[in-house]
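Chemist: Take a look at input-v1.txt, compact mmCIF, N, CA and C atoms and all ligand atoms:
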# COMPACT_ATOMS: atom_id res chain seq x y z
N MET A 11 4.20 -20.64 -16.09
CA MET A 11 4.17 -19.18 -15.85
C MET A 11 2.90 -18.78 -15.08
N ALA A 12 1.78 -19.48 -15.38
CA ALA A 12 0.52 -19.15 -14.70
C ALA A 12 0.62 -19.43 -13.21
N ALA A 13 1.29 -20.55 -12.85
CA ALA A 13 1.44 -20.89 -11.42
C ALA A 13 2.30 -19.83 -10.74
N PHE A 14 3.38 -19.41 -11.44
CA PHE A 14 4.29 -18.39 -10.90
C PHE A 14 3.53 -17.08 -10.70
N TYR A 15 2.70 -16.73 -11.70
CA TYR A 15 1.89 -15.51 -11.62
C TYR A 15 0.96 -15.58 -10.40
N ASN A 16 0.29 -16.74 -10.23
CA ASN A 16 -0.64 -16.87 -9.10
C ASN A 16 0.08 -16.74 -7.76
N SER A 17 1.27 -17.38 -7.67
CA SER A 17 2.03 -17.29 -6.41
C SER A 17 2.44 -15.85 -6.13
N LEU A 18 2.88 -15.16 -7.19
CA LEU A 18 3.31 -13.76 -7.01
C LEU A 18 2.15 -12.87 -6.59
N LYS A 19 0.99 -13.11 -7.21
CA LYS A 19 -0.18 -12.30 -6.87
C LYS A 19 -0.59 -12.57 -5.42
N TYR A 20 -0.50 -13.84 -5.04
CA TYR A 20 -0.79 -14.23 -3.65
C TYR A 20 0.15 -13.49 -2.70
N LEU A 21 1.45 -13.52 -3.03
CA LEU A 21 2.46 -12.84 -2.21
C LEU A 21 2.15 -11.34 -2.12
N HIS A 22 1.81 -10.75 -3.28
CA HIS A 22 1.49 -9.32 -3.33
C HIS A 22 0.30 -9.01 -2.41
N VAL A 23 -0.74 -9.84 -2.50
CA VAL A 23 -1.95 -9.58 -1.71
C VAL A 23 -1.68 -9.79 -0.21
N ILE A 24 -0.84 -10.79 0.13
CA ILE A 24 -0.49 -10.98 1.55
C ILE A 24 0.29 -9.76 2.05
N ALA A 25 1.24 -9.28 1.24
CA ALA A 25 2.02 -8.09 1.64
C ALA A 25 1.09 -6.88 1.78
N VAL A 26 0.11 -6.75 0.87
CA VAL A 26 -0.87 -5.66 0.94
C VAL A 26 -1.63 -5.74 2.27
N ALA A 27 -2.11 -6.95 2.61
CA ALA A 27 -2.90 -7.12 3.84
C ALA A 27 -2.06 -6.80 5.08
N LEU A 28 -0.81 -7.31 5.10
CA LEU A 28 0.06 -7.06 6.26
C LEU A 28 0.39 -5.57 6.36
N SER A 29 0.69 -4.96 5.21
CA SER A 29 1.07 -3.55 5.19
C SER A 29 -0.09 -2.69 5.71
N GLY A 30 -1.31 -2.97 5.21
CA GLY A 30 -2.48 -2.20 5.63
C GLY A 30 -2.78 -2.40 7.10
N ALA A 31 -2.72 -3.66 7.55
CA ALA A 31 -3.04 -3.96 8.95
C ALA A 31 -2.04 -3.28 9.89
N LEU A 32 -0.76 -3.37 9.52
CA LEU A 32 0.27 -2.77 10.38
C LEU A 32 0.14 -1.25 10.40
N PHE A 33 -0.18 -0.66 9.24
CA PHE A 33 -0.35 0.80 9.20
C PHE A 33 -1.54 1.21 10.07
N PHE A 34 -2.61 0.41 10.02
CA PHE A 34 -3.79 0.71 10.84
C PHE A 34 -3.42 0.67 12.34
N ILE A 35 -2.72 -0.40 12.75
CA ILE A 35 -2.37 -0.55 14.17
C ILE A 35 -1.40 0.56 14.61
N ARG A 36 -0.44 0.87 13.74
CA ARG A 36 0.51 1.94 14.11
C ARG A 36 -0.22 3.27 14.30
N GLY A 37 -1.27 3.50 13.47
CA GLY A 37 -2.07 4.72 13.63
C GLY A 37 -2.78 4.75 14.97
N VAL A 38 -3.34 3.60 15.37
CA VAL A 38 -4.00 3.51 16.68
C VAL A 38 -2.98 3.78 17.79
N TRP A 39 -1.82 3.18 17.69
CA TRP A 39 -0.77 3.40 18.71
C TRP A 39 -0.34 4.87 18.75
N MET A 40 -0.27 5.49 17.55
CA MET A 40 0.05 6.93 17.51
C MET A 40 -1.01 7.73 18.27
N LEU A 41 -2.30 7.37 18.04
CA LEU A 41 -3.39 8.14 18.67
C LEU A 41 -3.38 8.01 20.20
N ILE A 42 -3.00 6.82 20.70
CA ILE A 42 -3.03 6.63 22.16
C ILE A 42 -1.65 6.80 22.79
N ASP A 43 -0.71 7.36 22.00
CA ASP A 43 0.67 7.60 22.48
C ASP A 43 1.31 6.34 23.04
N SER A 44 1.10 5.22 22.37
CA SER A 44 1.65 3.96 22.86
C SER A 44 3.16 3.86 22.58
N PRO A 45 3.94 3.43 23.58
CA PRO A 45 5.37 3.22 23.35
C PRO A 45 5.66 2.09 22.35
N ARG A 46 4.62 1.27 22.08
CA ARG A 46 4.82 0.16 21.12
C ARG A 46 5.22 0.67 19.74
N LEU A 47 4.84 1.93 19.44
CA LEU A 47 5.17 2.50 18.13
C LEU A 47 6.68 2.57 17.92
N ASN A 48 7.43 2.64 19.01
CA ASN A 48 8.88 2.79 18.88
C ASN A 48 9.65 1.49 19.05
N ARG A 49 8.90 0.38 19.17
CA ARG A 49 9.62 -0.91 19.24
C ARG A 49 10.38 -1.15 17.95
N ARG A 50 11.51 -1.85 18.10
CA ARG A 50 12.38 -2.05 16.93
C ARG A 50 11.65 -2.76 15.79
N TRP A 51 10.94 -3.87 16.09
CA TRP A 51 10.29 -4.62 15.00
C TRP A 51 9.20 -3.78 14.33
N VAL A 52 8.57 -2.89 15.11
CA VAL A 52 7.50 -2.05 14.54
C VAL A 52 8.10 -1.03 13.57
N ARG A 53 9.35 -0.62 13.82
CA ARG A 53 9.98 0.33 12.91
C ARG A 53 10.58 -0.36 11.69
N VAL A 54 11.00 -1.65 11.86
CA VAL A 54 11.67 -2.35 10.76
C VAL A 54 10.67 -3.06 9.83
N ALA A 55 9.64 -3.69 10.42
CA ALA A 55 8.72 -4.54 9.64
C ALA A 55 8.09 -3.83 8.43
N PRO A 56 7.63 -2.55 8.58
CA PRO A 56 7.02 -1.92 7.39
C PRO A 56 7.96 -1.86 6.19
N HIS A 57 9.27 -1.65 6.45
CA HIS A 57 10.21 -1.58 5.32
C HIS A 57 10.32 -2.93 4.62
N VAL A 58 10.38 -4.00 5.42
CA VAL A 58 10.49 -5.35 4.85
C VAL A 58 9.23 -5.68 4.05
N ILE A 59 8.06 -5.45 4.67
CA ILE A 59 6.78 -5.79 4.02
C ILE A 59 6.60 -4.96 2.75
N ASP A 60 6.91 -3.66 2.83
CA ASP A 60 6.68 -2.80 1.66
C ASP A 60 7.66 -3.11 0.53
N THR A 61 8.86 -3.61 0.88
CA THR A 61 9.80 -4.03 -0.16
C THR A 61 9.24 -5.24 -0.90
N VAL A 62 8.68 -6.22 -0.15
CA VAL A 62 8.06 -7.40 -0.78
C VAL A 62 6.88 -6.94 -1.65
N LEU A 63 6.09 -6.01 -1.11
CA LEU A 63 4.92 -5.51 -1.85
C LEU A 63 5.35 -4.90 -3.20
N LEU A 64 6.39 -4.07 -3.15
CA LEU A 64 6.80 -3.38 -4.38
C LEU A 64 7.50 -4.31 -5.36
N LEU A 65 8.34 -5.23 -4.84
CA LEU A 65 9.03 -6.16 -5.75
C LEU A 65 8.01 -7.08 -6.43
N SER A 66 7.02 -7.56 -5.66
CA SER A 66 6.00 -8.43 -6.27
C SER A 66 5.18 -7.61 -7.28
N ALA A 67 4.95 -6.33 -6.99
CA ALA A 67 4.21 -5.47 -7.92
C ALA A 67 4.97 -5.35 -9.24
N VAL A 68 6.27 -5.10 -9.15
CA VAL A 68 7.08 -4.94 -10.37
C VAL A 68 7.07 -6.24 -11.17
N ALA A 69 7.23 -7.39 -10.48
CA ALA A 69 7.23 -8.68 -11.17
C ALA A 69 5.88 -8.93 -11.86
N LEU A 70 4.78 -8.56 -11.17
CA LEU A 70 3.44 -8.76 -11.77
C LEU A 70 3.28 -7.91 -13.04
N THR A 71 3.77 -6.67 -12.99
CA THR A 71 3.64 -5.81 -14.19
C THR A 71 4.41 -6.42 -15.36
N LEU A 72 5.57 -7.02 -15.05
CA LEU A 72 6.37 -7.62 -16.12
C LEU A 72 5.65 -8.83 -16.71
N ILE A 73 4.99 -9.62 -15.84
CA ILE A 73 4.31 -10.82 -16.34
C ILE A 73 3.08 -10.46 -17.17
N ILE A 74 2.27 -9.51 -16.66
CA ILE A 74 1.06 -9.20 -17.44
C ILE A 74 1.35 -8.12 -18.50
N GLN A 75 2.61 -7.63 -18.51
CA GLN A 75 3.04 -6.65 -19.51
C GLN A 75 2.11 -5.45 -19.57
N GLN A 76 1.79 -4.96 -18.36
CA GLN A 76 1.07 -3.69 -18.27
C GLN A 76 1.88 -2.83 -17.30
N TYR A 77 2.05 -1.55 -17.65
CA TYR A 77 3.02 -0.75 -16.92
C TYR A 77 2.45 0.61 -16.51
N PRO A 78 2.97 1.13 -15.34
CA PRO A 78 2.61 2.50 -14.98
C PRO A 78 3.07 3.46 -16.09
N PHE A 79 2.34 4.53 -16.29
CA PHE A 79 2.60 5.55 -17.31
C PHE A 79 2.37 5.02 -18.73
N VAL A 80 1.85 3.78 -18.81
CA VAL A 80 1.37 3.24 -20.09
C VAL A 80 -0.11 2.89 -19.93
N HIS A 81 -0.42 2.19 -18.83
CA HIS A 81 -1.80 1.77 -18.55
C HIS A 81 -2.33 2.60 -17.37
N THR A 82 -3.48 3.23 -17.58
CA THR A 82 -3.91 4.25 -16.61
C THR A 82 -4.16 3.68 -15.21
N TRP A 83 -4.68 2.44 -15.11
CA TRP A 83 -4.97 1.94 -13.76
C TRP A 83 -3.67 1.78 -12.96
N LEU A 84 -2.56 1.41 -13.64
CA LEU A 84 -1.29 1.27 -12.91
C LEU A 84 -0.66 2.64 -12.64
N THR A 85 -0.84 3.58 -13.57
CA THR A 85 -0.39 4.96 -13.30
C THR A 85 -1.09 5.47 -12.04
N ALA A 86 -2.43 5.24 -12.00
CA ALA A 86 -3.20 5.71 -10.84
C ALA A 86 -2.70 5.04 -9.56
N LYS A 87 -2.40 3.74 -9.64
CA LYS A 87 -1.91 3.04 -8.45
C LYS A 87 -0.63 3.67 -7.92
N VAL A 88 0.31 3.97 -8.83
CA VAL A 88 1.59 4.54 -8.40
C VAL A 88 1.39 5.95 -7.83
N VAL A 89 0.57 6.77 -8.51
CA VAL A 89 0.34 8.14 -8.04
C VAL A 89 -0.31 8.11 -6.65
N VAL A 90 -1.36 7.27 -6.50
CA VAL A 90 -2.04 7.23 -5.20
C VAL A 90 -1.12 6.61 -4.14
N LEU A 91 -0.26 5.66 -4.56
CA LEU A 91 0.71 5.08 -3.62
C LEU A 91 1.64 6.16 -3.05
N VAL A 92 2.11 7.06 -3.94
CA VAL A 92 3.00 8.14 -3.48
C VAL A 92 2.27 9.04 -2.47
N LEU A 93 0.99 9.36 -2.79
CA LEU A 93 0.20 10.18 -1.85
C LEU A 93 0.01 9.44 -0.52
N TYR A 94 -0.25 8.12 -0.62
CA TYR A 94 -0.44 7.29 0.58
C TYR A 94 0.82 7.29 1.45
N ILE A 95 1.98 7.15 0.80
CA ILE A 95 3.24 7.14 1.55
C ILE A 95 3.44 8.50 2.24
N GLY A 96 3.15 9.59 1.49
CA GLY A 96 3.30 10.93 2.07
C GLY A 96 2.40 11.13 3.28
N MET A 97 1.12 10.75 3.12
CA MET A 97 0.17 10.89 4.23
C MET A 97 0.59 10.00 5.40
N GLY A 98 1.09 8.81 5.09
CA GLY A 98 1.53 7.88 6.13
C GLY A 98 2.69 8.46 6.94
N MET A 99 3.61 9.14 6.24
CA MET A 99 4.76 9.74 6.95
C MET A 99 4.30 10.85 7.88
N ILE A 100 3.33 11.67 7.39
CA ILE A 100 2.78 12.73 8.26
C ILE A 100 2.07 12.10 9.46
N ALA A 101 1.29 11.03 9.19
CA ALA A 101 0.47 10.42 10.23
C ALA A 101 1.32 9.79 11.34
N ILE A 102 2.37 9.08 10.96
CA ILE A 102 3.09 8.30 11.98
C ILE A 102 4.23 9.10 12.62
N ARG A 103 4.89 9.96 11.84
CA ARG A 103 6.07 10.64 12.41
C ARG A 103 6.04 12.16 12.33
N HIS A 104 5.71 12.70 11.14
CA HIS A 104 6.09 14.10 10.90
C HIS A 104 5.02 15.13 11.24
N GLY A 105 3.76 14.70 11.41
CA GLY A 105 2.72 15.68 11.75
C GLY A 105 3.02 16.31 13.11
N LYS A 106 2.96 17.67 13.17
CA LYS A 106 3.38 18.33 14.42
C LYS A 106 2.34 18.12 15.53
N ARG A 107 1.05 18.32 15.17
CA ARG A 107 0.00 18.13 16.19
C ARG A 107 -0.70 16.81 15.97
N LYS A 108 -1.28 16.27 17.06
CA LYS A 108 -1.95 14.98 16.93
C LYS A 108 -3.16 15.07 16.00
N SER A 109 -3.85 16.22 16.01
CA SER A 109 -5.02 16.36 15.12
C SER A 109 -4.58 16.23 13.66
N VAL A 110 -3.43 16.83 13.33
CA VAL A 110 -2.90 16.74 11.96
C VAL A 110 -2.57 15.29 11.64
N ARG A 111 -1.92 14.61 12.59
CA ARG A 111 -1.53 13.20 12.36
C ARG A 111 -2.77 12.33 12.19
N ALA A 112 -3.82 12.61 13.00
CA ALA A 112 -5.05 11.80 12.92
C ALA A 112 -5.72 11.96 11.56
N VAL A 113 -5.81 13.23 11.08
CA VAL A 113 -6.44 13.47 9.78
C VAL A 113 -5.63 12.79 8.67
N ALA A 114 -4.30 12.92 8.74
CA ALA A 114 -3.44 12.30 7.73
C ALA A 114 -3.61 10.78 7.75
N TRP A 115 -3.77 10.21 8.94
CA TRP A 115 -3.96 8.76 9.07
C TRP A 115 -5.25 8.32 8.38
N ILE A 116 -6.33 9.07 8.61
CA ILE A 116 -7.62 8.71 7.98
C ILE A 116 -7.54 8.86 6.46
N ILE A 117 -6.92 9.96 5.99
CA ILE A 117 -6.79 10.14 4.53
C ILE A 117 -5.95 8.99 3.95
N ALA A 118 -4.86 8.62 4.65
CA ALA A 118 -4.01 7.53 4.15
C ALA A 118 -4.79 6.22 4.07
N LEU A 119 -5.63 5.94 5.08
CA LEU A 119 -6.43 4.70 5.06
C LEU A 119 -7.40 4.71 3.87
N LEU A 120 -8.01 5.88 3.61
CA LEU A 120 -8.94 5.98 2.47
C LEU A 120 -8.19 5.78 1.15
N LEU A 121 -6.98 6.36 1.07
CA LEU A 121 -6.17 6.19 -0.14
C LEU A 121 -5.81 4.72 -0.35
N PHE A 122 -5.52 4.04 0.76
CA PHE A 122 -5.17 2.61 0.69
C PHE A 122 -6.34 1.81 0.11
N VAL A 123 -7.54 2.10 0.63
CA VAL A 123 -8.74 1.40 0.14
C VAL A 123 -8.94 1.70 -1.36
N TYR A 124 -8.69 2.96 -1.72
CA TYR A 124 -8.83 3.35 -3.13
C TYR A 124 -7.86 2.53 -4.01
N ILE A 125 -6.62 2.34 -3.55
CA ILE A 125 -5.65 1.55 -4.33
C ILE A 125 -6.16 0.11 -4.51
N VAL A 126 -6.73 -0.45 -3.43
CA VAL A 126 -7.24 -1.82 -3.53
C VAL A 126 -8.38 -1.88 -4.56
N ILE A 127 -9.26 -0.87 -4.55
CA ILE A 127 -10.38 -0.87 -5.51
C ILE A 127 -9.86 -0.73 -6.94
N ILE A 128 -8.85 0.15 -7.12
CA ILE A 128 -8.24 0.28 -8.46
C ILE A 128 -7.68 -1.07 -8.91
N ALA A 129 -7.03 -1.78 -7.96
CA ALA A 129 -6.42 -3.08 -8.30
C ALA A 129 -7.49 -4.08 -8.73
N TRP A 130 -8.60 -4.10 -8.01
CA TRP A 130 -9.67 -5.06 -8.34
C TRP A 130 -10.30 -4.76 -9.69
N ARG A 131 -10.54 -3.44 -9.92
CA ARG A 131 -11.33 -3.07 -11.10
C ARG A 131 -10.47 -2.76 -12.33
N HIS A 132 -9.15 -2.61 -12.13
CA HIS A 132 -8.26 -2.19 -13.22
C HIS A 132 -8.76 -0.88 -13.83
N ASP A 133 -9.22 0.00 -12.95
CA ASP A 133 -9.84 1.23 -13.44
C ASP A 133 -9.61 2.33 -12.39
N PRO A 134 -8.99 3.47 -12.81
CA PRO A 134 -8.75 4.54 -11.83
C PRO A 134 -10.03 5.26 -11.40
N TRP A 135 -11.14 5.11 -12.15
CA TRP A 135 -12.41 5.75 -11.80
C TRP A 135 -13.43 4.66 -11.55
N PRO A 136 -13.25 3.92 -10.45
CA PRO A 136 -14.03 2.68 -10.30
C PRO A 136 -15.48 2.88 -9.90
N LEU A 137 -15.90 4.10 -9.46
CA LEU A 137 -17.25 4.21 -8.92
C LEU A 137 -18.29 4.60 -9.96
C1 LIG A 201 -0.34 0.03 -1.27
C2 LIG A 201 -0.12 -0.32 -2.54
C3 LIG A 201 -0.85 -1.43 -3.27
C4 LIG A 201 -2.00 -2.09 -2.94
C5 LIG A 201 -2.93 -1.83 -1.74
C6 LIG A 201 -2.24 -3.08 -3.98
C7 LIG A 201 -3.31 -3.96 -4.02
C8 LIG A 201 -3.46 -4.98 -4.93
C9 LIG A 201 -4.46 -6.01 -4.87
C10 LIG A 201 -5.53 -6.16 -3.77
C11 LIG A 201 -4.29 -6.81 -5.96
C12 LIG A 201 -5.10 -8.06 -6.33
C13 LIG A 201 -6.17 -7.71 -7.32
C14 LIG A 201 -7.01 -8.89 -7.69
O1 LIG A 201 -7.43 -9.64 -6.81
O2 LIG A 201 -7.25 -9.09 -8.89
C15 LIG A 201 -3.19 -6.30 -6.71
C16 LIG A 201 -2.72 -6.82 -7.89
C17 LIG A 201 -1.75 -6.21 -8.66
N1 LIG A 201 -1.01 -5.11 -8.33
FE1 LIG A 201 -1.08 -4.10 -6.60
N2 LIG A 201 -1.24 -2.98 -4.92
C18 LIG A 201 -0.38 -1.98 -4.51
C19 LIG A 201 0.72 -1.53 -5.20
C20 LIG A 201 1.02 -1.86 -6.49
C21 LIG A 201 1.97 -1.19 -7.33
C22 LIG A 201 2.82 0.03 -6.92
C23 LIG A 201 1.94 -1.82 -8.54
C24 LIG A 201 2.74 -1.55 -9.79
C25 LIG A 201 3.17 -0.41 -10.18
C26 LIG A 201 1.00 -2.89 -8.46
C27 LIG A 201 0.71 -3.78 -9.47
C28 LIG A 201 -0.19 -4.81 -9.40
C29 LIG A 201 -0.42 -5.77 -10.48
C30 LIG A 201 0.27 -5.77 -11.84
C31 LIG A 201 -1.41 -6.66 -10.01
C32 LIG A 201 -1.97 -7.87 -10.77
C33 LIG A 201 -3.23 -7.43 -11.46
C34 LIG A 201 -3.85 -8.54 -12.27
O3 LIG A 201 -3.13 -9.36 -12.85
O4 LIG A 201 -5.08 -8.58 -12.34
N3 LIG A 201 0.46 -2.90 -7.20
N4 LIG A 201 -2.69 -5.17 -6.07
As structure tokens, please, write out the structure in this file.
Ligand code: HEM

Modeler:
Amino acid sequence: MAAFYNSLKYLHVIAVALSGALFFIRGVWMLIDSPRLNRRWVRVAPHVIDTVLLLSAVALTLIIQQYPFVHTWLTAKVVVLVLYIGMGMIAIRHGKRKSVRAVAWIIALLLFVYIVIIAWRHDPWPL
């Protein structure tokens, strides 16, 4: 079980790194009005990566038997994840003006870093 847990955590962290990196690059492409933002793989890959991220997250919670809305650090992760997704949607597609999209992109990146810190520290108030 320990080996399975380690592999899953590895998978989760790889998905986290890919998801964050791709979100960062998509934000840059949004800022410079790059047509690359509309490439098919760029629109599909985030869904695939984020599905792996969430499935590995659910499996990890089952293995360590700690759950959102029971353990505060996981509750915080889910709440901040929802805010991150919302900001990400404004940043990449729905923000009407570029200034709005840029601010949403920066807030989303900060929220992403906050989720990583919560994950490391198992604490919603890590500072
Ligand atoms: C963008 C979203 C997320 C990011 C950036 C993220 C980040 C991370 C990172 C960096 C780790 C490794 C921590 C370490 O090295 O000890 C981790 C572990 C973990 N994550 Fe996530 N995560 C995200 C979403 C979620 C969600 C939604 C859940 C569950 C509701 C979750 C549950 C877990 C669990 C259970 C672990 C293992 C913790 C441990 O055993 O120490 N993650 N996450």

Chemist: Counting only C-alpha atoms, which residues sit no farther than 12 Å from the position (0.6, 4.0, -7.5) in the file's frame? I'd like them as an NGL selection string.

Modeler: :A and (63-64 or 67-68 or 77-79 or 81-95 or 121-122 or 124-126 or 128-129 or 134)

Chemist: Where's the centre, and what are the edge lengths in Å to one decimal, of a box along x, y and z enclosing all listed atoms of ligand LIG 201 (chain A) padded 5 Å per side, as JSON?

Modeler:
{"center_x": -2.1, "center_y": -4.8, "center_z": -7.1, "size_x": 20.6, "size_y": 19.7, "size_z": 21.6}

Chemist: Atom C9 of ligand LIG 201 (chain A) and atom N of A:Val23, how far apart in Å?

Modeler: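 So the answer is 5.8 Å.
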
Chemist: Could you tell me how far atom CA of A:Ala13 lies from atom CA of A:Leu32, in Å and to one decimal?

Modeler: 28.4 Å

Chemist: DSSP on the backbone: which residues in stretch 28-120 of chain A end up as alpha helix (DSSP H)? Give the answer as a ChimeraX atom specification.

Modeler: /A:28-41,50-74,82-99,108-120

Chemist: Which residues come within 8 Å of stretch 19-22 of chain A, counting only C-alpha atoms, excluding same-chain residues fewer than 4 positions away, as an MDAnalysis selection string?

Modeler: chainID A and resid 15 26 62:63 66:67 70

Chemist: Which residue is closest to ligand LIG 201 (chain A)? Choose from A:Leu120, A:Leu72, A:Ala55, A:Ile42 and count all atoms listed in the file.

Modeler: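 Among the listed residues, the smallest separation from ligand LIG 201 (chain A) belongs to A:Leu72.
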
Chemist: Ranking A:Ala114, A:Ser29, A:Lys108, A:Met40 by minimum distance to A:Gly96 and counting all atoms listed in the file, which one comes first?

Modeler: A:Ala114
